[in-house]
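Right, one structure below, let's go through it.
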Amino acid sequence: MSRTARANKRNPVTARRGPSLNAVLTGVVVLVAVLVIGGVLVLDRSGGASSGTLVPPDAHTLSKADGDEVTLVEFLDFQCPACASYYTGVTKKLEQDYRGRITFVTRNFPLEGHPLAVPAARAAEAAGKQGKYAEMYHALYDNFDTWATDGRSTSADTARATAKFEEFATAAGLDLERFRADSASAEVQAVIDRDVADGTALGVDSTPTFFLDGEEFSAGGSTIADAERELRARIDAALAG
């Protein structure tokens, strides 16, 4: 066989039929890296205490800070007695005292044992569609005993509660017909369902549950006053940092 023929005849073992082994391995490494990074990004966006899960673009804010901000998120149930106590003893004060210094976000997490929690959340969301979420939020908690309880027990009187919600809507200057329509809409219910899904993904199973800058806050004390003192200390430390 001539030298030319031998040169043209490729060894089936050593002949390169495609990318080299090194190139293949490099490609695999790059692909794995992309998948891992992509997986992290997906998890960041859909699970864990990421900003996207805690604070969706249309979240309701009772206080809004500009620039580098400290963010407090509360998952709440409007018919929850503990939430009402925290409102009176903690969050209403925080909203006033830190207004403009922190971003305070509220999310819905109605519990199954509170039959009027979803209707109340619907009322708040419907008021929000007319730019009056804060007014309804405050009315629901400031007048908690007028619709959420029957004496000492949890109320299930939907008719009485609905009449109260419409009374609050009228006092806030809302278009009542639009308020009624929005309260009954699938769009409003979808917002509540999303909040519950987000809270569940974050491990929320009771109300109120707070997250400060993405980290769940758990009070070490046993009283509302203890919780207020501890939460203020955490907020002050975050603001100072």
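How things are named: the first chain in the structure tokens is A, the next is B, and so on; residues count from 1 in each chain; ligands count from 1 in the order shown.
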Exercise. Which neighbours of segment 76-92 of chain A fall inside 9 Å, counting only C-alpha atoms, when residues of the same chain fewer than 6 positions from it are skipped, and could you give them as an MDAnalysis selection string?
Worked result: chainID A and resid 106:111 114:118 120:121 137:138 140:142 144 147:149 154:155 206:210 224:225 227:229 231
The selected residues should be written to file as a compact mmCIF listing (two decimals), in the first residue's frame (atoms: N, CA, C and O atoms).
```
# COMPACT_ATOMS: atom_id res chain seq x y z
N THR A 106 -49.17 43.10 53.59
CA THR A 106 -50.10 42.13 54.15
C THR A 106 -50.53 41.14 53.07
O THR A 106 -50.77 41.54 51.92
N ARG A 107 -50.62 39.87 53.46
CA ARG A 107 -51.07 38.81 52.56
C ARG A 107 -52.20 38.03 53.23
O ARG A 107 -52.24 37.90 54.45
N ASN A 108 -53.09 37.49 52.43
CA ASN A 108 -54.24 36.73 52.94
C ASN A 108 -53.84 35.29 53.29
O ASN A 108 -53.16 34.63 52.51
N PHE A 109 -54.33 34.83 54.44
CA PHE A 109 -54.19 33.42 54.79
C PHE A 109 -55.37 33.00 55.65
O PHE A 109 -55.25 32.68 56.83
N PRO A 110 -56.60 33.01 55.06
CA PRO A 110 -57.79 32.64 55.82
C PRO A 110 -57.74 31.17 56.24
O PRO A 110 -57.43 30.30 55.44
N LEU A 111 -58.05 30.91 57.50
CA LEU A 111 -58.01 29.55 58.04
C LEU A 111 -59.38 28.90 57.95
O LEU A 111 -60.42 29.58 58.03
N HIS A 114 -62.41 29.53 60.39
CA HIS A 114 -63.02 30.87 60.48
C HIS A 114 -63.91 31.09 59.26
O HIS A 114 -63.44 31.48 58.20
N PRO A 115 -65.21 30.85 59.39
CA PRO A 115 -66.10 30.86 58.23
C PRO A 115 -66.25 32.20 57.53
O PRO A 115 -66.64 32.23 56.36
N LEU A 116 -65.94 33.30 58.21
CA LEU A 116 -66.07 34.61 57.59
C LEU A 116 -64.73 35.17 57.13
O LEU A 116 -64.66 36.30 56.64
N ALA A 117 -63.67 34.39 57.26
CA ALA A 117 -62.34 34.88 56.90
C ALA A 117 -62.22 35.14 55.40
O ALA A 117 -61.65 36.15 54.98
N VAL A 118 -62.75 34.23 54.58
CA VAL A 118 -62.68 34.43 53.13
C VAL A 118 -63.56 35.60 52.70
O VAL A 118 -63.12 36.45 51.91
N ALA A 120 -64.29 38.21 54.35
CA ALA A 120 -63.60 39.43 54.78
C ALA A 120 -62.41 39.72 53.87
O ALA A 120 -62.16 40.88 53.51
N ALA A 121 -61.67 38.69 53.50
CA ALA A 121 -60.54 38.88 52.58
C ALA A 121 -61.04 39.38 51.23
O ALA A 121 -60.41 40.24 50.60
N TYR A 137 -58.99 47.33 55.46
CA TYR A 137 -58.15 46.58 56.41
C TYR A 137 -58.36 47.12 57.82
O TYR A 137 -58.61 46.37 58.78
N HIS A 138 -58.27 48.43 57.98
CA HIS A 138 -58.43 49.03 59.30
C HIS A 138 -59.87 48.88 59.81
O HIS A 138 -60.08 48.60 61.01
N LEU A 140 -62.01 46.51 59.18
CA LEU A 140 -62.27 45.12 59.57
C LEU A 140 -61.72 44.82 60.96
O LEU A 140 -62.37 44.15 61.77
N TYR A 141 -60.51 45.31 61.25
CA TYR A 141 -59.92 45.04 62.56
C TYR A 141 -60.42 46.01 63.64
O TYR A 141 -60.64 45.60 64.78
N ASP A 142 -60.61 47.28 63.29
CA ASP A 142 -61.10 48.24 64.29
C ASP A 142 -62.51 47.88 64.76
O ASP A 142 -62.90 48.23 65.89
N PHE A 144 -63.78 44.66 64.70
CA PHE A 144 -63.73 43.19 64.70
C PHE A 144 -64.94 42.57 65.39
O PHE A 144 -65.56 41.63 64.87
N TRP A 147 -68.58 42.04 63.58
CA TRP A 147 -68.89 41.10 62.50
C TRP A 147 -68.23 39.74 62.68
O TRP A 147 -68.74 38.73 62.19
N ALA A 148 -67.10 39.67 63.39
CA ALA A 148 -66.31 38.44 63.44
C ALA A 148 -66.70 37.50 64.57
O ALA A 148 -66.37 36.31 64.54
N THR A 149 -67.39 38.02 65.57
CA THR A 149 -67.73 37.21 66.73
C THR A 149 -69.22 37.28 67.05
O THR A 149 -69.90 38.25 66.69
N THR A 154 -66.82 32.35 67.54
CA THR A 154 -66.58 32.79 66.17
C THR A 154 -67.89 32.81 65.40
O THR A 154 -68.65 31.85 65.41
N SER A 155 -68.17 33.91 64.75
CA SER A 155 -69.43 34.06 64.03
C SER A 155 -69.39 33.38 62.67
O SER A 155 -68.35 33.34 62.01
N SER A 206 -50.28 29.01 60.50
CA SER A 206 -51.07 29.70 61.50
C SER A 206 -50.96 31.20 61.26
O SER A 206 -50.09 31.66 60.51
N THR A 207 -51.86 31.95 61.90
CA THR A 207 -51.82 33.40 61.73
C THR A 207 -51.85 34.08 63.09
O THR A 207 -52.45 33.55 64.04
N PRO A 208 -51.21 35.24 63.21
CA PRO A 208 -50.41 35.88 62.16
C PRO A 208 -49.02 35.26 62.06
O PRO A 208 -48.47 34.81 63.06
N THR A 209 -48.47 35.23 60.85
CA THR A 209 -47.08 34.82 60.63
C THR A 209 -46.36 35.96 59.94
O THR A 209 -46.85 36.50 58.94
N PHE A 210 -45.19 36.32 60.47
CA PHE A 210 -44.43 37.46 59.97
C PHE A 210 -43.10 37.01 59.36
O PHE A 210 -42.47 36.07 59.83
N ILE A 224 -48.29 39.68 73.99
CA ILE A 224 -48.31 40.60 72.86
C ILE A 224 -47.27 41.69 73.06
O ILE A 224 -46.59 42.11 72.11
N ALA A 225 -47.12 42.16 74.28
CA ALA A 225 -46.12 43.19 74.56
C ALA A 225 -44.71 42.68 74.27
O ALA A 225 -43.86 43.42 73.74
N ALA A 227 -43.95 40.40 72.07
CA ALA A 227 -43.83 40.30 70.61
C ALA A 227 -43.56 41.68 70.01
O ALA A 227 -42.72 41.82 69.11
N GLU A 228 -44.27 42.70 70.51
CA GLU A 228 -44.04 44.05 69.99
C GLU A 228 -42.60 44.50 70.26
O GLU A 228 -41.93 45.02 69.37
N ARG A 229 -42.14 44.27 71.47
CA ARG A 229 -40.79 44.70 71.84
C ARG A 229 -39.73 43.98 70.99
O ARG A 229 -38.79 44.61 70.48
N LEU A 231 -40.13 42.49 68.01
CA LEU A 231 -40.23 42.83 66.59
C LEU A 231 -39.67 44.23 66.34
O LEU A 231 -38.97 44.46 65.34
```
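Atom CA of Thr146 of chain A lies 22.4 Å from atom CA of Asp175 of chain A.
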Problem set entry | Straight-line distance linking atom CA of Val191 of chain A with atom CA of Glu125 of chain A, stated in Å to one decimal |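 Computing it gives 8.0 Å between the two atoms.
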Exercise. Neighbours of Glu167 of chain A within 12 Å (only C-alpha atoms; same-chain residues fewer than 6 positions away dropped), as a VMD selection string?
Worked result: chain A and resid 123 136 139 to 140 143 146 to 147 160 to 161 173 to 176 179 to 180
Problem set entry | Which of A:Asp213, A:Asp226, A:Asp58, A:Glu177 sits closest to Ile102 of chain A [using only C-alpha atoms] |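 Among the listed residues, A:Asp213 lies closest to Ile102 of chain A.
Non-sequential neighbours of Arg99 of chain A (distance at most 8 Å, separation of 5 or more positions within a chain, only C-alpha atoms) are Ser63, Lys64, Ala65 and Leu94 of chain A.
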Could you save those same residues with N, CA, C and O atoms as a PDB file, in the first residue's frame?
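Written out: part_14.pdb:
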```pdb
ATOM      1  N   SER A  63     -47.361  50.527  54.473  1.00  0.00           N
ATOM      2  CA  SER A  63     -46.296  51.516  54.567  1.00  0.00           C
ATOM      3  C   SER A  63     -45.305  51.197  53.472  1.00  0.00           C
ATOM      4  O   SER A  63     -45.035  50.023  53.198  1.00  0.00           O
ATOM      5  N   LYS A  64     -44.780  52.215  52.824  1.00  0.00           N
ATOM      6  CA  LYS A  64     -43.852  52.014  51.714  1.00  0.00           C
ATOM      7  C   LYS A  64     -42.606  52.862  51.929  1.00  0.00           C
ATOM      8  O   LYS A  64     -42.696  54.066  52.134  1.00  0.00           O
ATOM      9  N   ALA A  65     -41.444  52.189  51.894  1.00  0.00           N
ATOM     10  CA  ALA A  65     -40.171  52.898  52.042  1.00  0.00           C
ATOM     11  C   ALA A  65     -39.498  53.000  50.687  1.00  0.00           C
ATOM     12  O   ALA A  65     -39.641  52.124  49.834  1.00  0.00           O
ATOM     13  N   LEU A  94     -46.862  49.678  64.728  1.00  0.00           N
ATOM     14  CA  LEU A  94     -45.707  49.630  63.836  1.00  0.00           C
ATOM     15  C   LEU A  94     -45.989  50.392  62.538  1.00  0.00           C
ATOM     16  O   LEU A  94     -45.131  51.115  62.032  1.00  0.00           O
TER      17      LEU A  94
END
```
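Within segment 175-231 of chain A, DSSP applied to the backbone places the following residues in strand (DSSP E): A:Thr209, A:Phe210, A:Phe211, A:Leu212, A:Glu215, A:Glu216, A:Phe217.
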Atoms to include: all heavy atoms. Write the selected residues as a JSON list (two decimals), in the first residue's frame.
```json
[["chain", "number", "residue", "atom", "x", "y", "z"],
["A", 209, "THR", "N", -48.47, 35.23, 60.85],
["A", 209, "THR", "CA", -47.08, 34.82, 60.63],
["A", 209, "THR", "C", -46.36, 35.96, 59.94],
["A", 209, "THR", "O", -46.85, 36.50, 58.94],
["A", 209, "THR", "CB", -47.01, 33.55, 59.77],
["A", 209, "THR", "OG1", -47.59, 32.45, 60.49],
["A", 209, "THR", "CG2", -45.55, 33.19, 59.44],
["A", 210, "PHE", "N", -45.19, 36.32, 60.47],
["A", 210, "PHE", "CA", -44.43, 37.46, 59.97],
["A", 210, "PHE", "C", -43.10, 37.01, 59.36],
["A", 210, "PHE", "O", -42.47, 36.07, 59.83],
["A", 210, "PHE", "CB", -44.13, 38.44, 61.11],
["A", 210, "PHE", "CG", -45.33, 39.08, 61.72],
["A", 210, "PHE", "CD1", -45.93, 38.52, 62.84],
["A", 210, "PHE", "CD2", -45.88, 40.24, 61.19],
["A", 210, "PHE", "CE1", -47.04, 39.11, 63.42],
["A", 210, "PHE", "CE2", -46.99, 40.83, 61.75],
["A", 210, "PHE", "CZ", -47.58, 40.26, 62.87],
["A", 211, "PHE", "N", -42.70, 37.74, 58.33],
["A", 211, "PHE", "CA", -41.36, 37.59, 57.75],
["A", 211, "PHE", "C", -40.73, 38.98, 57.71],
["A", 211, "PHE", "O", -41.32, 39.93, 57.20],
["A", 211, "PHE", "CB", -41.43, 37.03, 56.33],
["A", 211, "PHE", "CG", -41.88, 35.60, 56.27],
["A", 211, "PHE", "CD1", -43.23, 35.28, 56.22],
["A", 211, "PHE", "CD2", -40.95, 34.56, 56.25],
["A", 211, "PHE", "CE1", -43.65, 33.97, 56.16],
["A", 211, "PHE", "CE2", -41.36, 33.24, 56.20],
["A", 211, "PHE", "CZ", -42.72, 32.94, 56.15],
["A", 212, "LEU", "N", -39.54, 39.09, 58.27],
["A", 212, "LEU", "CA", -38.81, 40.35, 58.24],
["A", 212, "LEU", "C", -37.59, 40.17, 57.35],
["A", 212, "LEU", "O", -36.71, 39.36, 57.65],
["A", 212, "LEU", "CB", -38.37, 40.77, 59.65],
["A", 212, "LEU", "CG", -37.62, 42.10, 59.76],
["A", 212, "LEU", "CD1", -38.51, 43.25, 59.31],
["A", 212, "LEU", "CD2", -37.14, 42.32, 61.19],
["A", 215, "GLU", "N", -36.94, 36.54, 56.43],
["A", 215, "GLU", "CA", -36.73, 35.57, 57.51],
["A", 215, "GLU", "C", -37.94, 35.55, 58.43],
["A", 215, "GLU", "O", -38.38, 36.61, 58.89],
["A", 215, "GLU", "CB", -35.47, 35.90, 58.30],
["A", 215, "GLU", "CG", -35.15, 34.92, 59.41],
["A", 215, "GLU", "CD", -33.88, 35.27, 60.16],
["A", 215, "GLU", "OE1", -33.12, 36.14, 59.68],
["A", 215, "GLU", "OE2", -33.65, 34.68, 61.24],
["A", 216, "GLU", "N", -38.45, 34.35, 58.70],
["A", 216, "GLU", "CA", -39.62, 34.26, 59.56],
["A", 216, "GLU", "C", -39.30, 34.76, 60.97],
["A", 216, "GLU", "O", -38.26, 34.42, 61.55],
["A", 216, "GLU", "CB", -40.14, 32.83, 59.62],
["A", 216, "GLU", "CG", -41.45, 32.70, 60.41],
["A", 216, "GLU", "CD", -42.07, 31.32, 60.34],
["A", 216, "GLU", "OE1", -41.57, 30.49, 59.55],
["A", 216, "GLU", "OE2", -43.05, 31.08, 61.07],
["A", 217, "PHE", "N", -40.20, 35.57, 61.49],
["A", 217, "PHE", "CA", -40.03, 36.11, 62.85],
["A", 217, "PHE", "C", -40.86, 35.28, 63.81],
["A", 217, "PHE", "O", -42.05, 35.07, 63.62],
["A", 217, "PHE", "CB", -40.49, 37.56, 62.90],
["A", 217, "PHE", "CG", -40.65, 38.09, 64.31],
["A", 217, "PHE", "CD1", -39.55, 38.46, 65.04],
["A", 217, "PHE", "CD2", -41.91, 38.18, 64.88],
["A", 217, "PHE", "CE1", -39.68, 38.94, 66.35],
["A", 217, "PHE", "CE2", -42.07, 38.65, 66.18],
["A", 217, "PHE", "CZ", -40.95, 39.04, 66.91]]
```
Problem set entry | Which of A:Leu239, A:Ala181, A:Leu54, A:Ala186 sits closest to Leu202 of chain A [using only C-alpha atoms] | A:Leu54
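When the distance limit is 12 Å and only C-alpha atoms are what count, the residues near Gly67 of chain A, minus those fewer than 6 positions from it on the same chain, are Gly100, Arg101, Ile102 and Thr103 of chain A.
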Problem set entry | Residues within 10 Å of Gln189 of chain A, only C-alpha atoms, excluding chain neighbours under 4 positions, as a list in words |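 What passes the distance filter is Val118, Pro119, Ala121, Arg122, Glu125, Ala126, Asp182, Ser183, Ala184, Ser185, Asp193, Arg194 and Asp195 of chain A.
Closest to Asp145 of chain A among A:Lys164, A:Pro56, A:Tyr133, A:Gly214 is A:Lys164, based on only C-alpha atoms.
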Exercise. Distance atom CA of Phe75 of chain A-atom CA of Ala156 of chain A, one decimal place?
Worked result: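 About the pair atom CA of Phe75 of chain A and atom CA of Ala156 of chain A: they are 21.8 Å apart.
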